$ cat structure_14.tsv   # TSV, C-alpha atoms and all ligand atoms
chain	number	residue	atom	x	y	z
A	1	MET	CA	15.30	-24.33	-17.20
A	2	ILE	CA	14.59	-28.10	-17.12
A	3	ASN	CA	17.69	-30.25	-17.55
A	4	SER	CA	16.93	-32.48	-20.57
A	5	PHE	CA	19.74	-34.92	-19.68
A	6	HIS	CA	18.17	-35.86	-16.33
A	7	ILE	CA	15.80	-34.21	-13.85
A	8	PRO	CA	17.37	-34.41	-10.37
A	9	VAL	CA	15.29	-36.12	-7.69
A	10	LEU	CA	14.67	-35.06	-4.05
A	11	THR	CA	16.90	-32.01	-4.55
A	12	LYS	CA	15.29	-29.84	-1.86
A	13	GLU	CA	15.64	-32.67	0.67
A	14	VAL	CA	19.28	-33.36	-0.26
A	15	LEU	CA	20.17	-29.67	0.12
A	16	HIS	CA	18.44	-29.56	3.50
A	17	TYR	CA	20.40	-32.56	4.79
A	18	LEU	CA	23.75	-31.43	3.42
A	19	ASN	CA	23.50	-28.63	5.97
A	20	PHE	CA	26.01	-26.27	4.28
A	21	LYS	CA	28.39	-24.42	6.54
A	22	LYS	CA	29.79	-20.95	6.05
A	23	GLY	CA	33.19	-20.93	4.38
A	24	GLY	CA	32.54	-23.42	1.63
A	25	GLY	CA	33.86	-26.92	2.17
A	26	VAL	CA	34.42	-29.75	-0.29
A	27	TYR	CA	31.39	-31.65	-1.59
A	28	ILE	CA	31.39	-34.74	-3.77
A	29	ASP	CA	28.72	-35.77	-6.23
A	30	CYS	CA	29.57	-39.43	-6.85
A	31	THR	CA	26.92	-39.79	-9.58
A	32	LEU	CA	27.21	-36.57	-11.57
A	33	GLY	CA	24.81	-37.44	-14.45
A	34	GLY	CA	23.66	-34.20	-16.06
A	35	GLY	CA	24.95	-32.18	-13.10
A	36	GLY	CA	21.51	-31.38	-11.63
A	37	HIS	CA	22.35	-32.09	-7.99
A	38	SER	CA	25.84	-30.64	-8.45
A	39	LYS	CA	24.46	-27.35	-9.73
A	40	ALA	CA	22.06	-27.11	-6.79
A	41	ILE	CA	24.97	-27.76	-4.38
A	42	LEU	CA	27.21	-25.23	-6.13
A	43	LYS	CA	24.55	-22.53	-5.77
A	44	ASN	CA	24.89	-23.04	-2.00
A	45	ILE	CA	28.69	-23.18	-1.71
A	46	TYR	CA	29.91	-20.84	-4.47
A	47	PRO	CA	32.39	-19.10	-4.42
A	48	ASP	CA	34.06	-20.48	-1.26
A	49	GLY	CA	33.43	-24.20	-1.68
A	50	LEU	CA	34.59	-26.83	-4.15
A	51	LEU	CA	32.53	-29.50	-5.91
A	52	ILE	CA	34.00	-32.76	-7.19
A	53	GLY	CA	31.75	-34.50	-9.71
A	54	ILE	CA	32.38	-38.15	-10.58
A	55	ASP	CA	30.76	-40.29	-13.27
A	56	GLN	CA	31.93	-43.33	-15.21
A	57	ASP	CA	29.99	-42.21	-18.28
A	58	ILE	CA	31.89	-39.77	-20.50
A	59	GLU	CA	28.61	-38.41	-21.90
A	60	ALA	CA	27.63	-37.36	-18.35
A	61	ILE	CA	30.95	-35.57	-17.85
A	62	GLU	CA	30.50	-33.68	-21.16
A	63	ALA	CA	26.91	-32.67	-20.33
A	64	ALA	CA	27.84	-31.56	-16.79
A	65	LYS	CA	30.71	-29.43	-18.12
A	66	VAL	CA	28.12	-27.31	-19.91
A	67	GLU	CA	25.60	-27.35	-17.05
A	68	LEU	CA	28.22	-26.20	-14.52
A	69	LYS	CA	30.07	-23.66	-16.66
A	70	ASN	CA	29.04	-20.72	-14.47
A	71	PHE	CA	31.09	-21.85	-11.47
A	72	PRO	CA	34.64	-21.36	-12.79
A	73	GLY	CA	37.47	-22.77	-10.72
A	74	LYS	CA	35.06	-24.38	-8.24
A	75	VAL	CA	34.26	-27.61	-10.07
A	76	LYS	CA	36.45	-30.61	-10.78
A	77	LEU	CA	34.95	-33.33	-12.95
A	78	VAL	CA	36.45	-36.81	-12.93
A	79	LYS	CA	35.58	-39.67	-15.26
A	80	GLY	CA	35.83	-42.63	-12.94
A	81	ASN	CA	34.03	-45.19	-10.83
A	82	PHE	CA	32.99	-44.23	-7.31
A	83	LYS	CA	34.25	-47.61	-6.11
A	84	ASN	CA	37.69	-45.92	-6.39
A	85	LEU	CA	36.65	-42.82	-4.45
A	86	GLU	CA	39.64	-42.78	-2.09
A	87	ASP	CA	42.13	-43.02	-4.99
A	88	ILE	CA	40.27	-40.30	-6.91
A	89	LEU	CA	40.48	-37.98	-3.90
A	90	SER	CA	44.11	-38.74	-3.20
A	91	ASP	CA	44.96	-37.95	-6.86
A	92	LEU	CA	43.26	-34.58	-6.27
A	93	LYS	CA	45.25	-34.20	-3.02
A	94	LEU	CA	42.03	-33.99	-1.00
A	95	GLU	CA	41.45	-35.69	2.31
A	96	ALA	CA	38.41	-34.80	4.36
A	97	VAL	CA	35.15	-33.69	2.76
A	98	SER	CA	32.02	-32.00	4.13
A	99	GLY	CA	29.30	-33.81	2.22
A	100	ILE	CA	28.72	-36.55	-0.33
A	101	ILE	CA	25.80	-37.52	-2.51
A	102	PHE	CA	25.07	-40.75	-4.38
A	103	ASP	CA	22.05	-40.74	-6.72
A	104	LEU	CA	22.17	-44.34	-7.91
A	105	GLY	CA	21.20	-46.13	-11.09
A	106	VAL	CA	20.98	-44.85	-14.64
A	107	SER	CA	20.24	-41.35	-15.91
A	108	SER	CA	17.29	-40.52	-18.17
A	109	HIS	CA	19.87	-39.80	-20.87
A	110	GLN	CA	21.26	-43.34	-20.66
A	111	LEU	CA	17.75	-44.80	-20.86
A	112	LYS	CA	16.66	-42.52	-23.68
A	113	GLU	CA	19.69	-42.90	-25.93
A	114	LYS	CA	18.72	-45.83	-28.08
A	115	GLU	CA	22.24	-47.03	-28.85
A	116	ARG	CA	23.16	-47.34	-25.15
A	117	GLY	CA	20.97	-50.47	-25.15
A	118	PHE	CA	19.44	-50.02	-21.65
A	119	SER	CA	15.80	-50.02	-22.70
A	120	PHE	CA	13.55	-52.81	-23.93
A	121	ARG	CA	11.32	-50.13	-25.44
A	122	GLU	CA	13.91	-49.41	-28.14
A	123	ASP	CA	15.57	-51.85	-30.49
A	124	SER	CA	19.35	-51.61	-30.42
A	125	HIS	CA	22.53	-53.53	-29.63
A	126	LEU	CA	22.38	-55.15	-26.16
A	127	ASP	CA	24.94	-52.91	-24.50
A	128	MET	CA	24.01	-51.46	-21.05
A	129	ARG	CA	27.54	-50.34	-20.17
A	130	MET	CA	27.67	-47.14	-18.14
A	131	ASP	CA	31.39	-46.90	-18.84
A	132	GLN	CA	31.79	-47.07	-22.63
A	133	THR	CA	35.46	-48.09	-22.31
A	134	GLN	CA	34.53	-51.35	-20.59
A	135	LYS	CA	34.68	-54.42	-22.87
A	136	PHE	CA	32.08	-56.58	-21.13
A	137	ASP	CA	28.54	-55.70	-22.23
A	138	ALA	CA	25.06	-57.22	-22.03
A	139	SER	CA	25.36	-59.11	-25.30
A	140	ILE	CA	28.55	-60.86	-24.11
A	141	LEU	CA	26.77	-61.75	-20.87
A	142	ILE	CA	23.68	-63.17	-22.60
A	143	ASN	CA	25.66	-65.23	-25.10
A	144	ARG	CA	28.46	-66.51	-22.82
A	145	TYR	CA	27.06	-67.03	-19.31
A	146	THR	CA	26.08	-70.62	-18.55
A	147	GLU	CA	22.43	-71.38	-17.90
A	148	LYS	CA	23.19	-71.61	-14.18
A	149	GLU	CA	24.96	-68.26	-14.19
A	150	LEU	CA	22.04	-66.63	-16.04
A	151	ILE	CA	19.58	-68.01	-13.49
A	152	GLY	CA	21.79	-66.65	-10.69
A	153	VAL	CA	21.86	-63.14	-12.20
A	154	PHE	CA	18.10	-63.03	-12.86
A	155	GLU	CA	17.30	-64.32	-9.35
A	156	ARG	CA	19.84	-62.24	-7.44
A	157	TYR	CA	19.48	-58.92	-9.19
A	158	GLY	CA	16.00	-59.12	-10.70
A	159	GLU	CA	14.22	-61.24	-8.09
A	160	GLU	CA	12.65	-62.79	-11.22
A	161	ARG	CA	10.38	-65.75	-10.49
A	162	LEU	CA	10.62	-67.12	-14.02
A	163	SER	CA	14.45	-67.09	-14.06
A	164	LYS	CA	14.77	-70.79	-14.92
A	165	ARG	CA	12.34	-70.67	-17.86
A	166	ILE	CA	13.90	-67.51	-19.24
A	167	ALA	CA	17.48	-68.80	-18.91
A	168	ARG	CA	16.51	-72.12	-20.55
A	169	LEU	CA	14.97	-70.37	-23.55
A	170	ILE	CA	17.96	-68.02	-23.93
A	171	VAL	CA	20.36	-70.97	-23.99
A	172	THR	CA	18.24	-72.84	-26.57
A	173	GLU	CA	17.77	-69.84	-28.83
A	174	ARG	CA	21.37	-68.61	-28.77
A	175	GLN	CA	22.47	-71.96	-30.20
A	176	LYS	CA	20.48	-71.12	-33.33
A	177	LYS	CA	21.47	-67.46	-33.53
A	178	PRO	CA	23.35	-65.11	-31.15
A	179	ILE	CA	21.12	-62.81	-29.10
A	180	THR	CA	22.49	-59.35	-29.73
A	181	THR	CA	19.60	-56.89	-29.59
A	182	THR	CA	17.29	-55.54	-26.90
A	183	ARG	CA	14.23	-56.51	-28.95
A	184	GLN	CA	15.42	-60.14	-29.32
A	185	LEU	CA	15.87	-60.42	-25.56
A	186	ALA	CA	12.58	-58.71	-24.65
A	187	ASP	CA	10.71	-61.00	-27.10
A	188	LEU	CA	12.37	-64.08	-25.57
A	189	VAL	CA	11.28	-63.05	-22.08
A	190	ILE	CA	7.69	-62.76	-23.33
A	191	ARG	CA	7.95	-66.15	-25.03
A	192	ALA	CA	9.14	-67.69	-21.76
A	193	LEU	CA	5.98	-66.60	-19.90
A	194	PRO	CA	3.46	-69.30	-19.02
A	195	LYS	CA	0.35	-69.19	-21.24
A	196	THR	CA	-1.83	-67.60	-18.54
A	197	LYS	CA	0.55	-64.65	-18.18
A	198	LYS	CA	0.97	-64.16	-21.93
A	199	ARG	CA	-2.64	-63.22	-22.35
A	200	LYS	CA	-2.69	-60.81	-19.41
A	201	LYS	CA	-2.42	-57.07	-19.65
A	202	TRP	CA	0.86	-56.29	-17.89
A	203	ARG	CA	1.17	-53.65	-15.20
A	204	ILE	CA	4.90	-53.61	-15.76
A	205	HIS	CA	6.58	-55.01	-18.87
A	206	PRO	CA	7.67	-58.65	-18.28
A	207	ALA	CA	11.25	-57.86	-19.32
A	208	THR	CA	11.70	-55.13	-16.67
A	209	ARG	CA	13.29	-57.36	-14.01
A	210	VAL	CA	15.55	-59.23	-16.44
A	211	PHE	CA	16.84	-55.96	-17.92
A	212	GLN	CA	17.46	-54.58	-14.42
A	213	ALA	CA	19.36	-57.73	-13.45
A	214	ILE	CA	21.56	-57.66	-16.55
A	215	ARG	CA	22.31	-53.96	-16.08
A	216	ILE	CA	23.37	-54.54	-12.47
A	217	GLU	CA	25.65	-57.44	-13.46
A	218	VAL	CA	27.20	-55.68	-16.48
A	219	ASN	CA	28.09	-52.64	-14.37
A	220	GLN	CA	28.74	-54.58	-11.15
A	221	GLU	CA	26.53	-51.98	-9.52
A	222	LEU	CA	26.02	-53.49	-6.08
A	223	LYS	CA	29.70	-54.31	-5.56
A	224	ALA	CA	30.64	-50.76	-6.57
A	225	LEU	CA	27.99	-49.41	-4.18
A	226	GLU	CA	29.37	-51.30	-1.18
A	227	LYS	CA	32.92	-50.18	-1.91
A	228	GLY	CA	31.87	-46.61	-2.69
A	229	LEU	CA	29.80	-46.21	0.47
A	230	ASN	CA	32.54	-47.54	2.73
A	231	GLN	CA	35.11	-45.22	1.20
A	232	ALA	CA	32.70	-42.28	1.30
A	233	ILE	CA	32.17	-42.68	5.04
A	234	ASN	CA	35.94	-42.99	5.50
A	235	VAL	CA	36.69	-39.70	3.73
A	236	LEU	CA	33.97	-37.67	5.44
A	237	ASP	CA	35.08	-35.04	7.92
A	238	ASP	CA	33.66	-34.78	11.45
A	239	LYS	CA	29.92	-33.93	11.08
A	240	GLY	CA	30.17	-34.53	7.35
A	241	ARG	CA	27.01	-35.98	5.83
A	242	ILE	CA	26.34	-38.67	3.29
A	243	CYS	CA	23.09	-38.69	1.26
A	244	VAL	CA	22.16	-41.76	-0.78
A	245	ILE	CA	19.20	-41.96	-3.16
A	246	SER	CA	18.33	-45.49	-4.24
A	247	TYR	CA	15.69	-46.78	-6.65
A	248	HIS	CA	15.17	-50.43	-5.80
A	249	SER	CA	15.17	-52.65	-2.74
A	250	LEU	CA	18.55	-54.28	-3.46
A	251	GLU	CA	20.32	-50.92	-3.39
A	252	ASP	CA	18.31	-49.62	-0.45
A	253	ARG	CA	19.06	-52.73	1.60
A	254	ILE	CA	22.82	-52.25	1.12
A	255	VAL	CA	22.63	-48.60	2.23
A	256	LYS	CA	20.43	-49.36	5.23
A	257	THR	CA	22.55	-52.33	6.38
A	258	LEU	CA	25.86	-50.55	5.95
A	259	PHE	CA	24.72	-47.44	7.84
A	260	LYS	CA	23.51	-49.65	10.70
A	261	GLU	CA	26.72	-51.68	10.72
A	262	VAL	CA	28.98	-48.64	10.84
A	263	LYS	CA	26.76	-47.08	13.50
A	264	ARG	CA	27.11	-50.25	15.60
A	265	GLU	CA	30.76	-51.05	15.03
A	266	GLY	CA	32.26	-47.88	13.58
A	267	ILE	CA	33.93	-46.34	16.58
A	268	ALA	CA	35.62	-49.48	17.84
A	269	GLN	CA	36.92	-50.56	14.47
A	270	LYS	CA	37.60	-47.34	12.63
A	271	ASN	CA	37.78	-44.65	15.22
A	272	TYR	CA	34.59	-42.97	14.12
A	273	GLY	CA	30.86	-43.30	14.49
A	274	LEU	CA	27.80	-42.67	12.38
A	275	LYS	CA	24.53	-41.03	13.31
A	276	ILE	CA	21.64	-42.09	11.09
A	277	LEU	CA	19.53	-39.00	10.37
A	278	THR	CA	16.68	-40.75	8.54
A	279	LYS	CA	15.06	-43.51	10.61
A	280	LYS	CA	12.83	-44.21	7.63
A	281	PRO	CA	13.91	-43.27	4.12
A	282	ILE	CA	12.67	-39.93	2.76
A	283	ARG	CA	10.30	-40.33	-0.19
A	284	PRO	CA	9.49	-37.71	-2.84
A	285	SER	CA	6.33	-35.66	-2.37
A	286	LEU	CA	3.25	-36.41	-4.49
A	287	GLU	CA	3.85	-33.08	-6.19
A	288	GLU	CA	7.39	-34.12	-7.22
A	289	VAL	CA	6.19	-37.52	-8.50
A	290	LYS	CA	3.47	-35.81	-10.51
A	291	LYS	CA	6.03	-33.55	-12.16
A	292	ASN	CA	8.63	-36.30	-12.54
A	293	PRO	CA	7.16	-39.85	-12.45
A	294	LYS	CA	10.70	-41.31	-12.53
A	295	ALA	CA	11.09	-40.08	-8.93
A	296	ARG	CA	8.36	-42.40	-7.63
A	297	SER	CA	10.62	-45.21	-6.40
A	298	ALA	CA	13.32	-42.95	-4.93
A	299	LYS	CA	14.39	-43.37	-1.30
A	300	LEU	CA	16.83	-41.04	0.41
A	301	ARG	CA	18.88	-42.13	3.43
A	302	VAL	CA	21.24	-39.76	5.23
A	303	ALA	CA	23.91	-40.26	7.89
A	304	GLU	CA	26.39	-38.01	9.70
A	305	LYS	CA	29.91	-39.00	10.66
A	306	ILE	CA	31.07	-38.44	14.20
A	307	ILE	CA	34.77	-38.37	15.07
A	308	PRO	CA	35.15	-38.54	18.84
A	309	VAL	CA	37.63	-36.16	20.50
A	310	THR	CA	40.57	-38.06	21.87
B	1	LIG	C1	20.58	-41.23	-11.61
B	1	LIG	S1	21.96	-40.67	-12.51
B	1	LIG	C2	22.48	-39.24	-11.61
B	1	LIG	C3	21.78	-37.99	-12.02
B	1	LIG	C4	22.31	-36.75	-11.36
B	1	LIG	N1	22.11	-36.76	-9.93
B	1	LIG	C5	21.69	-35.50	-11.94
B	1	LIG	O1	21.15	-34.68	-11.18
B	1	LIG	O2	21.75	-35.34	-13.16
B	1	LIG	C6	23.21	-41.81	-12.08
B	1	LIG	C7	24.56	-41.54	-12.72
B	1	LIG	O3	25.52	-42.24	-11.96
B	1	LIG	C8	26.47	-42.83	-12.81
B	1	LIG	N2	27.01	-43.99	-12.10
B	1	LIG	C9	26.35	-45.11	-11.70
B	1	LIG	N3	27.17	-45.94	-11.06
B	1	LIG	C10	28.40	-45.33	-11.02
B	1	LIG	C11	29.66	-45.70	-10.49
B	1	LIG	N4	29.87	-46.87	-9.86
B	1	LIG	N5	30.69	-44.83	-10.63
B	1	LIG	C12	30.51	-43.65	-11.26
B	1	LIG	N6	29.33	-43.26	-11.80
B	1	LIG	C13	28.29	-44.09	-11.69
B	1	LIG	C14	25.69	-43.18	-14.07
B	1	LIG	O4	26.57	-43.24	-15.17
B	1	LIG	C15	24.69	-42.02	-14.16
B	1	LIG	O5	25.19	-40.99	-14.96
$ encode --input "structure_14.tsv" --output "structure tokens" --more "lines below"
Ligand SMILES: C[S@@+](CC[C@H](N)C(=O)[O-])C[C@H]1O[C@@H](n2cnc3c(N)ncnc32)[C@H](O)[C@@H]1O
Amino acid sequence: MINSFHIPVLTKEVLHYLNFKKGGGVYIDCTLGGGGHSKAILKNIYPDGLLIGIDQDIEAIEAAKVELKNFPGKVKLVKGNFKNLEDILSDLKLEAVSGIIFDLGVSSHQLKEKERGFSFREDSHLDMRMDQTQKFDASILINRYTEKELIGVFERYGEERLSKRIARLIVTERQKKPITTTRQLADLVIRALPKTKKRKKWRIHPATRVFQAIRIEVNQELKALEKGLNQAINVLDDKGRICVISYHSLEDRIVKTLFKEVKREGIAQKNYGLKILTKKPIRPSLEEVKKNPKARSAKLRVAEKIIPVT
């Protein structure tokens, strides 16, 4: 049955690379979502293995509880941020793990649920928090960041060429009335376009990059990714594998660079090494993209930890 919360991406490829061993092992899904990847992993390790599922979104934890109900005693779900992976594992009294997956970004559920405020296609409060207990949301960002800070966010995380024009208009308009809805912001981005672009038929909506940038800043996504990846490699057992699916170049660059860095410097500094198993990232097949267009930008990178015998 299709998971209506989120359709997992590159599942066959992830299962292939996780290279399950006899006797179970501990696997971590750092981005549980609707539990799609977790369920596929559990089918391969049940009943000997254990799956830890982490998500900072309580709605994901609730949905995954239902999705994974047929694997009693073999699933532990944790509401938390993967940037705290080592603490989460030490609370569970776990040390070395056999495999880890990160499937980055937002779930279809988060995008679809109007009141979560992630989408410019719906009109709702400008929210965009993955963790609903966090105070800082997109509306606070848009109304409080200085013009310079806004430009920085749009340039850094959206690679938006019109950052200055958009930030200027936001600052002018918010003096008249606070900007609190997704529609208000999307309309402002369109108003900030130069005349020639306004008349064009867009291939992608002009607010796409600004919304991506705000989402990344609100959830501090790239900082969490760097911390999470480092800790994930630390907690992997010898020959344990890490699979990371990213959806845009900023994420992919962090994964690629970190894998290379640990490969180069790992053994000397940390007493372990890393073998990169995907020289080029794995992309979804045309067949998968046809069935699930959201998979089209996915890139999977995989590495294996090597602990030298001393
Ligand atoms: C693309 S979805 C994962 C979908 C999942 N693989 C599935 O099959 O249903 C990404 C999920 O990761 C969560 N997430 C993103 N960043 C996180 C972080 N730093 N810590 C914990 N969860 C995070 C989001 O809340 C979202 O539910």
$ residues_near_ligand --input "structure_14.tsv" --ligand "ligand LIG 1 (chain B)" --cutoff "8 Å" --atoms "only C-alpha atoms and all ligand atoms" --output "ChimeraX atom specification"
/A:3,5-9,29-38,54-57,60,79-83,102-108,110,130-131,219-221,224-225,228
$ write_last_selection --input "structure_14.tsv" --atoms "C-alpha atoms" --output "short mmCIF file (atom, residue, chain, number, x, y, z; two decimals), in the coordinates of the input"
data_model
loop_
_atom_site.label_atom_id
_atom_site.label_comp_id
_atom_site.auth_asym_id
_atom_site.auth_seq_id
_atom_site.Cartn_x
_atom_site.Cartn_y
_atom_site.Cartn_z
CA ASN A 3 17.69 -30.25 -17.55
CA PHE A 5 19.74 -34.92 -19.68
CA HIS A 6 18.17 -35.86 -16.33
CA ILE A 7 15.80 -34.21 -13.85
CA PRO A 8 17.37 -34.41 -10.37
CA VAL A 9 15.29 -36.12 -7.69
CA ASP A 29 28.72 -35.77 -6.23
CA CYS A 30 29.57 -39.43 -6.85
CA THR A 31 26.92 -39.79 -9.58
CA LEU A 32 27.21 -36.57 -11.57
CA GLY A 33 24.81 -37.44 -14.45
CA GLY A 34 23.66 -34.20 -16.06
CA GLY A 35 24.95 -32.18 -13.10
CA GLY A 36 21.51 -31.38 -11.63
CA HIS A 37 22.35 -32.09 -7.99
CA SER A 38 25.84 -30.64 -8.45
CA ILE A 54 32.38 -38.15 -10.58
CA ASP A 55 30.76 -40.29 -13.27
CA GLN A 56 31.93 -43.33 -15.21
CA ASP A 57 29.99 -42.21 -18.28
CA ALA A 60 27.63 -37.36 -18.35
CA LYS A 79 35.58 -39.67 -15.26
CA GLY A 80 35.83 -42.63 -12.94
CA ASN A 81 34.03 -45.19 -10.83
CA PHE A 82 32.99 -44.23 -7.31
CA LYS A 83 34.25 -47.61 -6.11
CA PHE A 102 25.07 -40.75 -4.38
CA ASP A 103 22.05 -40.74 -6.72
CA LEU A 104 22.17 -44.34 -7.91
CA GLY A 105 21.20 -46.13 -11.09
CA VAL A 106 20.98 -44.85 -14.64
CA SER A 107 20.24 -41.35 -15.91
CA SER A 108 17.29 -40.52 -18.17
CA GLN A 110 21.26 -43.34 -20.66
CA MET A 130 27.67 -47.14 -18.14
CA ASP A 131 31.39 -46.90 -18.84
CA ASN A 219 28.09 -52.64 -14.37
CA GLN A 220 28.74 -54.58 -11.15
CA GLU A 221 26.53 -51.98 -9.52
CA ALA A 224 30.64 -50.76 -6.57
CA LEU A 225 27.99 -49.41 -4.18
CA GLY A 228 31.87 -46.61 -2.69
#
$ closest_residue --input "structure_14.tsv" --among "A:Arg144, A:Lys305, A:His248, A:Arg296" --to "Ile276 in chain A" --atoms "only C-alpha atoms"
A:Lys305
$ atom_distance --input "structure_14.tsv" --atom1 "CA of Ser285 in chain A" --atom2 "CA of Leu111 in chain A"
23.6 Å
$ closest_residue --input "structure_14.tsv" --among "A:Ile61, A:Lys275, A:Asn143, A:Leu193" --to "Lys177 in chain A" --atoms "all atoms listed in the file"
A:Asn143
$ residues_around --input "structure_14.tsv" --residues "range 92-101 of chain A" --least-positions-apart "6" --cutoff "9 Å" --atoms "only C-alpha atoms" --output "compact mmCIF listing (two decimals) with C-alpha atoms, in the frame of the given file"
# COMPACT_ATOMS: atom_id res chain seq x y z
CA VAL A 14 19.28 -33.36 -0.26
CA LEU A 18 23.75 -31.43 3.42
CA ASN A 19 23.50 -28.63 5.97
CA PHE A 20 26.01 -26.27 4.28
CA LYS A 21 28.39 -24.42 6.54
CA GLY A 24 32.54 -23.42 1.63
CA GLY A 25 33.86 -26.92 2.17
CA VAL A 26 34.42 -29.75 -0.29
CA TYR A 27 31.39 -31.65 -1.59
CA ILE A 28 31.39 -34.74 -3.77
CA ASP A 29 28.72 -35.77 -6.23
CA CYS A 30 29.57 -39.43 -6.85
CA THR A 31 26.92 -39.79 -9.58
CA HIS A 37 22.35 -32.09 -7.99
CA GLU A 86 39.64 -42.78 -2.09
CA ALA A 232 32.70 -42.28 1.30
CA ILE A 233 32.17 -42.68 5.04
CA ASN A 234 35.94 -42.99 5.50
CA VAL A 235 36.69 -39.70 3.73
CA LEU A 236 33.97 -37.67 5.44
CA ASP A 237 35.08 -35.04 7.92
CA ASP A 238 33.66 -34.78 11.45
CA LYS A 239 29.92 -33.93 11.08
CA GLY A 240 30.17 -34.53 7.35
CA ARG A 241 27.01 -35.98 5.83
CA ILE A 242 26.34 -38.67 3.29
CA CYS A 243 23.09 -38.69 1.26
CA VAL A 244 22.16 -41.76 -0.78
CA ILE A 245 19.20 -41.96 -3.16
